[in-house]
$ cat data.pdb   # PDB, C-alpha atoms
ATOM      1  CA  MET Z   1      26.016  95.149 -38.751
ATOM      2  CA  ASP Z   2      23.236  93.298 -40.486
ATOM      3  CA  PRO Z   3      24.311  90.687 -43.025
ATOM      4  CA  PRO Z   4      22.571  90.457 -46.370
ATOM      5  CA  PRO Z   5      19.886  87.775 -46.552
ATOM      6  CA  ARG Z   6      20.934  84.184 -47.047
ATOM      7  CA  PHE Z   7      19.400  84.172 -50.534
ATOM      8  CA  TYR Z   8      21.759  86.934 -51.702
ATOM      9  CA  ARG Z   9      24.765  85.229 -50.106
ATOM     10  CA  MET Z  10      23.947  81.866 -51.749
ATOM     11  CA  THR Z  11      23.309  83.327 -55.206
ATOM     12  CA  TRP Z  12      25.930  86.083 -55.100
ATOM     13  CA  PRO Z  13      27.680  85.209 -58.417
ATOM     14  CA  LEU Z  14      24.317  85.151 -60.216
ATOM     15  CA  VAL Z  15      23.268  88.423 -58.562
ATOM     16  CA  LEU Z  16      26.504  90.095 -59.711
ATOM     17  CA  LEU Z  17      26.108  88.722 -63.216
ATOM     18  CA  ALA Z  18      22.478  89.853 -63.487
ATOM     19  CA  ALA Z  19      23.284  93.268 -61.983
ATOM     20  CA  HIS Z  20      26.083  93.755 -64.495
ATOM     21  CA  HIS Z  21      24.067  92.773 -67.559
ATOM     22  CA  PHE Z  22      20.609  94.020 -66.607
ATOM     23  CA  GLY Z  23      21.396  96.954 -64.316
ATOM     24  CA  TRP Z  24      20.636  99.360 -67.163
ATOM     25  CA  MET Z  25      16.939  98.397 -66.882
ATOM     26  CA  LEU Z  26      16.729 100.028 -63.446
ATOM     27  CA  ARG Z  27      15.308 103.550 -63.814
ATOM     28  CA  GLU Z  28      16.841 106.410 -61.840
ATOM     29  CA  ALA Z  29      13.691 106.984 -59.773
ATOM     30  CA  SER Z  30      13.569 103.292 -58.822
ATOM     31  CA  SER Z  31      17.265 103.351 -58.006
ATOM     32  CA  VAL Z  32      16.791 106.287 -55.638
ATOM     33  CA  ARG Z  33      13.789 104.585 -53.974
ATOM     34  CA  ILE Z  34      15.690 101.308 -53.533
ATOM     35  CA  ARG Z  35      18.779 103.125 -52.226
ATOM     36  CA  GLU Z  36      16.628 104.905 -49.605
ATOM     37  CA  SER Z  37      14.950 101.627 -48.602
ATOM     38  CA  LEU Z  38      18.338  99.941 -48.275
ATOM     39  CA  ARG Z  39      19.573 102.837 -46.138
ATOM     40  CA  ARG Z  40      16.543 102.623 -43.815
ATOM     41  CA  ALA Z  41      17.108  98.890 -43.421
ATOM     42  CA  GLY Z  42      20.845  99.337 -42.749
ATOM     43  CA  GLN Z  43      21.760  97.420 -45.918
ATOM     44  CA  ASP Z  44      23.129 100.258 -48.040
ATOM     45  CA  TYR Z  45      26.690  99.060 -47.427
ATOM     46  CA  THR Z  46      25.981  95.435 -48.448
ATOM     47  CA  LEU Z  47      23.854  95.804 -51.596
ATOM     48  CA  THR Z  48      23.656  98.351 -54.373
ATOM     49  CA  PRO Z  49      20.262  99.158 -55.895
ATOM     50  CA  ALA Z  50      21.255  97.255 -59.054
ATOM     51  CA  GLN Z  51      22.191  94.167 -57.021
ATOM     52  CA  PHE Z  52      18.942  94.329 -55.052
ATOM     53  CA  PHE Z  53      16.983  94.734 -58.287
ATOM     54  CA  ALA Z  54      18.838  91.798 -59.885
ATOM     55  CA  GLY Z  55      17.941  89.602 -56.923
ATOM     56  CA  LYS Z  56      14.212  90.050 -57.500
ATOM     57  CA  PRO Z  57      13.919  88.049 -60.776
ATOM     58  CA  LEU Z  58      16.397  85.503 -59.409
ATOM     59  CA  ALA Z  59      14.228  85.035 -56.312
ATOM     60  CA  ALA Z  60      11.143  84.783 -58.538
ATOM     61  CA  ALA Z  61      12.755  82.060 -60.669
ATOM     62  CA  LEU Z  62      14.057  80.135 -57.657
ATOM     63  CA  VAL Z  63      10.738  80.166 -55.760
ATOM     64  CA  ALA Z  64       8.814  79.270 -58.933
ATOM     65  CA  LEU Z  65      11.176  76.362 -59.607
ATOM     66  CA  VAL Z  66      10.977  75.015 -56.058
ATOM     67  CA  LEU Z  67       7.206  75.426 -55.716
ATOM     68  CA  GLY Z  68       6.488  74.066 -59.221
ATOM     69  CA  SER Z  69       8.744  71.053 -58.605
ATOM     70  CA  MET Z  70       7.091  70.306 -55.279
ATOM     71  CA  MET Z  71       3.619  70.468 -56.809
ATOM     72  CA  ALA Z  72       4.634  68.245 -59.761
ATOM     73  CA  TRP Z  73       6.091  65.747 -57.294
ATOM     74  CA  ILE Z  74       2.767  65.451 -55.435
ATOM     75  CA  GLY Z  75       0.761  65.319 -58.673
ATOM     76  CA  GLN Z  76      -0.612  68.892 -58.846
ATOM     77  CA  ASN Z  77      -0.431  71.350 -61.738
ATOM     78  CA  PRO Z  78       3.119  72.781 -61.550
ATOM     79  CA  TRP Z  79       2.391  75.757 -63.836
ATOM     80  CA  THR Z  80      -0.255  77.333 -61.619
ATOM     81  CA  PHE Z  81       1.843  77.035 -58.498
ATOM     82  CA  GLY Z  82       4.958  78.050 -60.442
ATOM     83  CA  LEU Z  83       3.221  81.272 -61.475
ATOM     84  CA  ALA Z  84       2.183  81.929 -57.868
ATOM     85  CA  GLY Z  85       5.773  81.214 -56.802
ATOM     86  CA  THR Z  86       7.071  83.667 -59.404
ATOM     87  CA  THR Z  87       4.848  86.429 -58.051
ATOM     88  CA  PHE Z  88       5.765  85.701 -54.436
ATOM     89  CA  GLY Z  89       9.467  85.346 -55.247
ATOM     90  CA  PHE Z  90       9.572  88.662 -57.089
ATOM     91  CA  TYR Z  91       8.212  90.531 -54.029
ATOM     92  CA  TRP Z  92      10.098  88.456 -51.477
ATOM     93  CA  PRO Z  93      13.182  90.762 -51.378
ATOM     94  CA  GLU Z  94      10.866  93.780 -50.900
ATOM     95  CA  MET Z  95       9.166  92.069 -47.956
ATOM     96  CA  TRP Z  96      12.545  91.155 -46.460
ATOM     97  CA  LEU Z  97      13.737  94.750 -46.812
ATOM     98  CA  ARG Z  98      10.585  96.135 -45.177
ATOM     99  CA  ASP Z  99      10.937  93.679 -42.268
ATOM    100  CA  MET Z 100      14.620  94.602 -41.850
ATOM    101  CA  ALA Z 101      13.716  98.310 -41.683
ATOM    102  CA  LYS Z 102      11.015  97.665 -39.048
ATOM    103  CA  SER Z 103      13.346  95.490 -37.004
ATOM    104  CA  ARG Z 104      16.125  98.065 -37.177
ATOM    105  CA  ASN Z 105      13.772 100.905 -36.194
ATOM    106  CA  MET Z 106      12.556  98.951 -33.159
ATOM    107  CA  ARG Z 107      16.155  98.270 -32.060
ATOM    108  CA  ILE Z 108      16.952 101.970 -32.412
ATOM    109  CA  LEU Z 109      13.785 102.972 -30.556
ATOM    110  CA  LYS Z 110      14.508 100.593 -27.676
ATOM    111  CA  GLY Z 111      18.063 101.894 -27.468
ATOM    112  CA  THR Z 112      17.226 105.588 -27.133
ATOM    113  CA  SER Z 113      17.849 107.042 -23.729
ATOM    114  CA  PHE Z 114      15.206 108.717 -21.567
ATOM    115  CA  PHE Z 115      16.053 112.323 -22.415
ATOM    116  CA  LEU Z 116      16.254 111.698 -26.164
ATOM    117  CA  ASP Z 117      12.552 110.925 -26.362
ATOM    118  CA  ILE Z 118      10.082 113.169 -28.150
ATOM    119  CA  VAL Z 119       9.132 116.550 -26.654
ATOM    120  CA  THR Z 120       6.175 118.138 -28.425
ATOM    121  CA  PRO Z 121       4.881 121.644 -27.573
ATOM    122  CA  CYS Z 122       1.135 120.932 -27.391
ATOM    123  CA  SER Z 123      -1.643 119.919 -24.999
ATOM    124  CA  ILE Z 124      -3.233 117.111 -27.014
ATOM    125  CA  ILE Z 125      -1.770 114.039 -28.686
ATOM    126  CA  HIS Z 126      -3.019 110.935 -30.459
ATOM    127  CA  THR Z 127      -1.539 107.480 -30.932
ATOM    128  CA  ILE Z 128      -3.421 106.644 -34.112
ATOM    129  CA  GLY Z 129      -1.242 104.542 -36.381
ATOM    130  CA  MET Z 130       1.313 103.622 -33.725
ATOM    131  CA  CYS Z 131       2.351  99.987 -33.432
ATOM    132  CA  TYR Z 132       3.232  99.890 -29.739
ATOM    133  CA  PRO Z 133       2.120 101.551 -26.481
ATOM    134  CA  ILE Z 134       3.890 104.645 -25.148
ATOM    135  CA  ASP Z 135       3.975 106.629 -21.894
ATOM    136  CA  VAL Z 136       2.609 110.156 -22.245
ATOM    137  CA  VAL Z 137       3.686 112.878 -19.783
ATOM    138  CA  PHE Z 138       2.093 116.354 -19.944
ATOM    139  CA  VAL Z 139       4.072 119.258 -18.430
ATOM    140  CA  ASP Z 140       3.202 122.922 -17.787
ATOM    141  CA  ARG Z 141       5.178 126.148 -18.477
ATOM    142  CA  GLU Z 142       7.435 125.572 -15.461
ATOM    143  CA  ALA Z 143       8.287 122.029 -16.656
ATOM    144  CA  ARG Z 144       6.217 120.567 -13.808
ATOM    145  CA  ILE Z 145       4.388 117.333 -14.600
ATOM    146  CA  VAL Z 146       0.631 117.915 -14.822
ATOM    147  CA  ARG Z 147      -0.554 114.429 -15.812
ATOM    148  CA  VAL Z 148       0.964 111.039 -16.673
ATOM    149  CA  PHE Z 149      -0.728 108.486 -18.931
ATOM    150  CA  PRO Z 150       1.236 105.206 -18.791
ATOM    151  CA  GLN Z 151       0.958 102.548 -21.490
ATOM    152  CA  VAL Z 152      -1.256 104.485 -23.943
ATOM    153  CA  ARG Z 153      -2.163 102.015 -26.687
ATOM    154  CA  ALA Z 154      -2.590 102.796 -30.368
ATOM    155  CA  GLY Z 155      -5.714 104.667 -31.454
ATOM    156  CA  HIS Z 156      -6.201 106.853 -28.369
ATOM    157  CA  ILE Z 157      -6.350 110.631 -27.851
ATOM    158  CA  ARG Z 158      -5.114 112.327 -24.679
ATOM    159  CA  PHE Z 159      -5.847 115.973 -23.834
ATOM    160  CA  VAL Z 160      -4.772 118.102 -20.849
ATOM    161  CA  PRO Z 161      -5.890 121.751 -21.278
ATOM    162  CA  ASP Z 162      -3.320 123.343 -18.926
ATOM    163  CA  ALA Z 163      -0.325 121.489 -20.398
ATOM    164  CA  ARG Z 164       2.381 123.287 -22.370
ATOM    165  CA  ALA Z 165       4.292 120.287 -23.772
ATOM    166  CA  VAL Z 166       4.134 116.516 -24.005
ATOM    167  CA  LEU Z 167       6.840 113.924 -23.459
ATOM    168  CA  GLU Z 168       6.271 110.769 -25.503
ATOM    169  CA  LEU Z 169       8.307 108.008 -23.885
ATOM    170  CA  THR Z 170       8.828 104.328 -24.499
ATOM    171  CA  ALA Z 171       6.345 102.277 -22.493
ATOM    172  CA  GLY Z 172       7.396 101.809 -18.861
ATOM    173  CA  THR Z 173       9.808 104.755 -18.781
ATOM    174  CA  ALA Z 174       7.548 106.998 -16.671
ATOM    175  CA  VAL Z 175       7.233 104.422 -13.896
ATOM    176  CA  ARG Z 176      10.911 103.459 -14.078
ATOM    177  CA  HIS Z 177      12.005 107.095 -13.587
ATOM    178  CA  GLY Z 178       9.353 107.969 -11.019
ATOM    179  CA  LEU Z 179       7.564 110.549 -13.142
ATOM    180  CA  ALA Z 180       4.382 111.657 -11.354
ATOM    181  CA  PRO Z 181       2.207 114.809 -11.219
ATOM    182  CA  GLY Z 182       3.951 117.645  -9.374
ATOM    183  CA  VAL Z 183       7.514 116.551 -10.191
ATOM    184  CA  ARG Z 184       9.525 119.308 -11.879
ATOM    185  CA  LEU Z 185      11.782 118.340 -14.780
ATOM    186  CA  ALA Z 186      14.581 120.895 -14.538
ATOM    187  CA  GLN Z 187      16.256 119.608 -17.700
ATOM    188  CA  MET Z 188      13.149 120.576 -19.706
ATOM    189  CA  ALA Z 189      12.653 124.079 -18.303
ATOM    190  CA  ASP Z 190      14.237 125.811 -21.316
ATOM    191  CA  ALA Z 191      12.391 123.635 -23.823
ATOM    192  CA  VAL Z 192       8.890 124.472 -22.587
ATOM    193  CA  ALA Z 193       9.350 128.096 -21.567
TER
END

$ encode --input "data.pdb" --output "structure tokens"
Amino acid sequence: MDPPPRFYRMTWPLVLLAAHHFGWMLREASSVRIRESLRRAGQDYTLTPAQFFAGKPLAAALVALVLGSMMAWIGQNPWTFGLAGTTFGFYWPEMWLRDMAKSRNMRILKGTSFFLDIVTPCSIIHTIGMCYPIDVVFVDREARIVRVFPQVRAGHIRFVPDARAVLELTAGTAVRHGLAPGVRLAQMADAVA
């Protein structure tokens, strides 16, 4: 279970107070969007949308105060840096939530077993927009491996005309399981028929 960020734990009474008094400002559409983001990040059991929303102005005020004070201490204009701190602090919880979702997705992806990987009925794939390399295994109608492309990086296209389906595996899985052209995958026979 992922704990809420340290900021929310340290300012919890203020977050609850702000959520109680200013939760009405959160529109329904924003509440649904925040709830979905919290669910993707695995935080839907620790924070409500109103609490997450209340943390944003608190983070903005805290970062502005700290940054403005530091700049005043070294003789710079505290208002300019305070304004920059306010902007950064307001979006800081959003950035944390996005990073938590990415981290959680990578842990889930690394934990999937070999036969739970993606089987796509096609003969061409692309890795445009992917963030990590994958192994690509093309199979024919009899579930026999036609071609293996290990460690395909993002932004590439792979095409095998006589393939019926494609296995998209986490990088290194094909070598680890000895997948090579000619090997028949009996477990996939029904899926590609």

$ atom_distance --input "data.pdb" --atom1 "CA of Arg39 in chain Z" --atom2 "CA of Thr170 in chain Z"
24.2 Å

$ atom_distance --input "data.pdb" --atom1 "CA of Met130 in chain Z" --atom2 "CA of Ala154 in chain Z"
5.2 Å

$ resolve_selection --input "data.pdb" --expression "the PyMOL selection byres ((chain Z and resi 136) around 6)" --output "list of chain:residue names"
Z:Asp135, Z:Val137, Z:Val148, Z:Phe149, Z:Leu167, Z:Glu168

$ closest_residue --input "data.pdb" --among "Z:Arg184, Z:Arg153, Z:Arg158, Z:Arg104" --to "Asp140 in chain Z" --atoms "only C-alpha atoms"
Z:Arg184

$ resolve_selection --input "data.pdb" --expression "the PyMOL selection byres ((chain Z and resi 162) around 8)" --output "PyMOL selection string"
chain Z and resi 123+140+146+160-161+163-164

$ closest_residue --input "data.pdb" --among "Z:Ala54, Z:Leu38, Z:Met10, Z:Met71" --to "Phe22 in chain Z" --atoms "only C-alpha atoms"
Z:Ala54

$ atom_distance --input "data.pdb" --atom1 "CA of Ala19 in chain Z" --atom2 "CA of Phe81 in chain Z"
27.1 Å

$ residues_around --input "data.pdb" --residues "Gly55 in chain Z" --least-positions-apart "4" --cutoff "12 Å" --atoms "only C-alpha atoms" --output "PDB file with C-alpha atoms, keeping the file's coordinate frame"
ATOM      1  CA  PRO Z   4      22.571  90.457 -46.370  1.00  0.00           C
ATOM      2  CA  PRO Z   5      19.886  87.775 -46.552  1.00  0.00           C
ATOM      3  CA  ARG Z   6      20.934  84.184 -47.047  1.00  0.00           C
ATOM      4  CA  PHE Z   7      19.400  84.172 -50.534  1.00  0.00           C
ATOM      5  CA  TYR Z   8      21.759  86.934 -51.702  1.00  0.00           C
ATOM      6  CA  ARG Z   9      24.765  85.229 -50.106  1.00  0.00           C
ATOM      7  CA  MET Z  10      23.947  81.866 -51.749  1.00  0.00           C
ATOM      8  CA  THR Z  11      23.309  83.327 -55.206  1.00  0.00           C
ATOM      9  CA  TRP Z  12      25.930  86.083 -55.100  1.00  0.00           C
ATOM     10  CA  PRO Z  13      27.680  85.209 -58.417  1.00  0.00           C
ATOM     11  CA  LEU Z  14      24.317  85.151 -60.216  1.00  0.00           C
ATOM     12  CA  VAL Z  15      23.268  88.423 -58.562  1.00  0.00           C
ATOM     13  CA  LEU Z  16      26.504  90.095 -59.711  1.00  0.00           C
ATOM     14  CA  LEU Z  17      26.108  88.722 -63.216  1.00  0.00           C
ATOM     15  CA  ALA Z  18      22.478  89.853 -63.487  1.00  0.00           C
ATOM     16  CA  ALA Z  19      23.284  93.268 -61.983  1.00  0.00           C
ATOM     17  CA  HIS Z  20      26.083  93.755 -64.495  1.00  0.00           C
ATOM     18  CA  PHE Z  22      20.609  94.020 -66.607  1.00  0.00           C
ATOM     19  CA  GLY Z  23      21.396  96.954 -64.316  1.00  0.00           C
ATOM     20  CA  LEU Z  47      23.854  95.804 -51.596  1.00  0.00           C
ATOM     21  CA  THR Z  48      23.656  98.351 -54.373  1.00  0.00           C
ATOM     22  CA  PRO Z  49      20.262  99.158 -55.895  1.00  0.00           C
ATOM     23  CA  ALA Z  50      21.255  97.255 -59.054  1.00  0.00           C
ATOM     24  CA  GLN Z  51      22.191  94.167 -57.021  1.00  0.00           C
ATOM     25  CA  ALA Z  59      14.228  85.035 -56.312  1.00  0.00           C
ATOM     26  CA  ALA Z  60      11.143  84.783 -58.538  1.00  0.00           C
ATOM     27  CA  ALA Z  61      12.755  82.060 -60.669  1.00  0.00           C
ATOM     28  CA  LEU Z  62      14.057  80.135 -57.657  1.00  0.00           C
ATOM     29  CA  VAL Z  63      10.738  80.166 -55.760  1.00  0.00           C
ATOM     30  CA  GLY Z  89       9.467  85.346 -55.247  1.00  0.00           C
ATOM     31  CA  PHE Z  90       9.572  88.662 -57.089  1.00  0.00           C
ATOM     32  CA  TYR Z  91       8.212  90.531 -54.029  1.00  0.00           C
ATOM     33  CA  TRP Z  92      10.098  88.456 -51.477  1.00  0.00           C
ATOM     34  CA  PRO Z  93      13.182  90.762 -51.378  1.00  0.00           C
ATOM     35  CA  GLU Z  94      10.866  93.780 -50.900  1.00  0.00           C
ATOM     36  CA  TRP Z  96      12.545  91.155 -46.460  1.00  0.00           C
TER      37      TRP Z  96
END

$ residues_around --input "data.pdb" --residues "Ala84 in chain Z" --least-positions-apart "2" --cutoff "10 Å" --atoms "all atoms listed in the file" --output "list in words"
Ala60, Val63, Ala64, Leu67, Gly68, Pro78, Trp79, Thr80, Phe81, Gly82, Thr86, Thr87, Phe88 and Gly89 of chain Z

$ closest_residue --input "data.pdb" --among "Z:Met25, Z:Ile145, Z:Gly172, Z:Val166" --to "Leu185 in chain Z" --atoms "all atoms listed in the file"
Z:Ile145

$ closest_residue --input "data.pdb" --among "Z:Phe52, Z:Trp73, Z:Phe138, Z:Tyr132" --to "Ala180 in chain Z" --atoms "only C-alpha atoms"
Z:Phe138

$ resolve_selection --input "data.pdb" --expression "the PyMOL selection byres ((chain Z and resi 35) around 12)" --output "VMD selection string"
chain Z and resid 26 28 to 34 36 to 53 97

$ closest_residue --input "data.pdb" --among "Z:Arg147, Z:Gly155, Z:Ala101, Z:Ser69" --to "Ala174 in chain Z" --atoms "all atoms listed in the file"
Z:Arg147
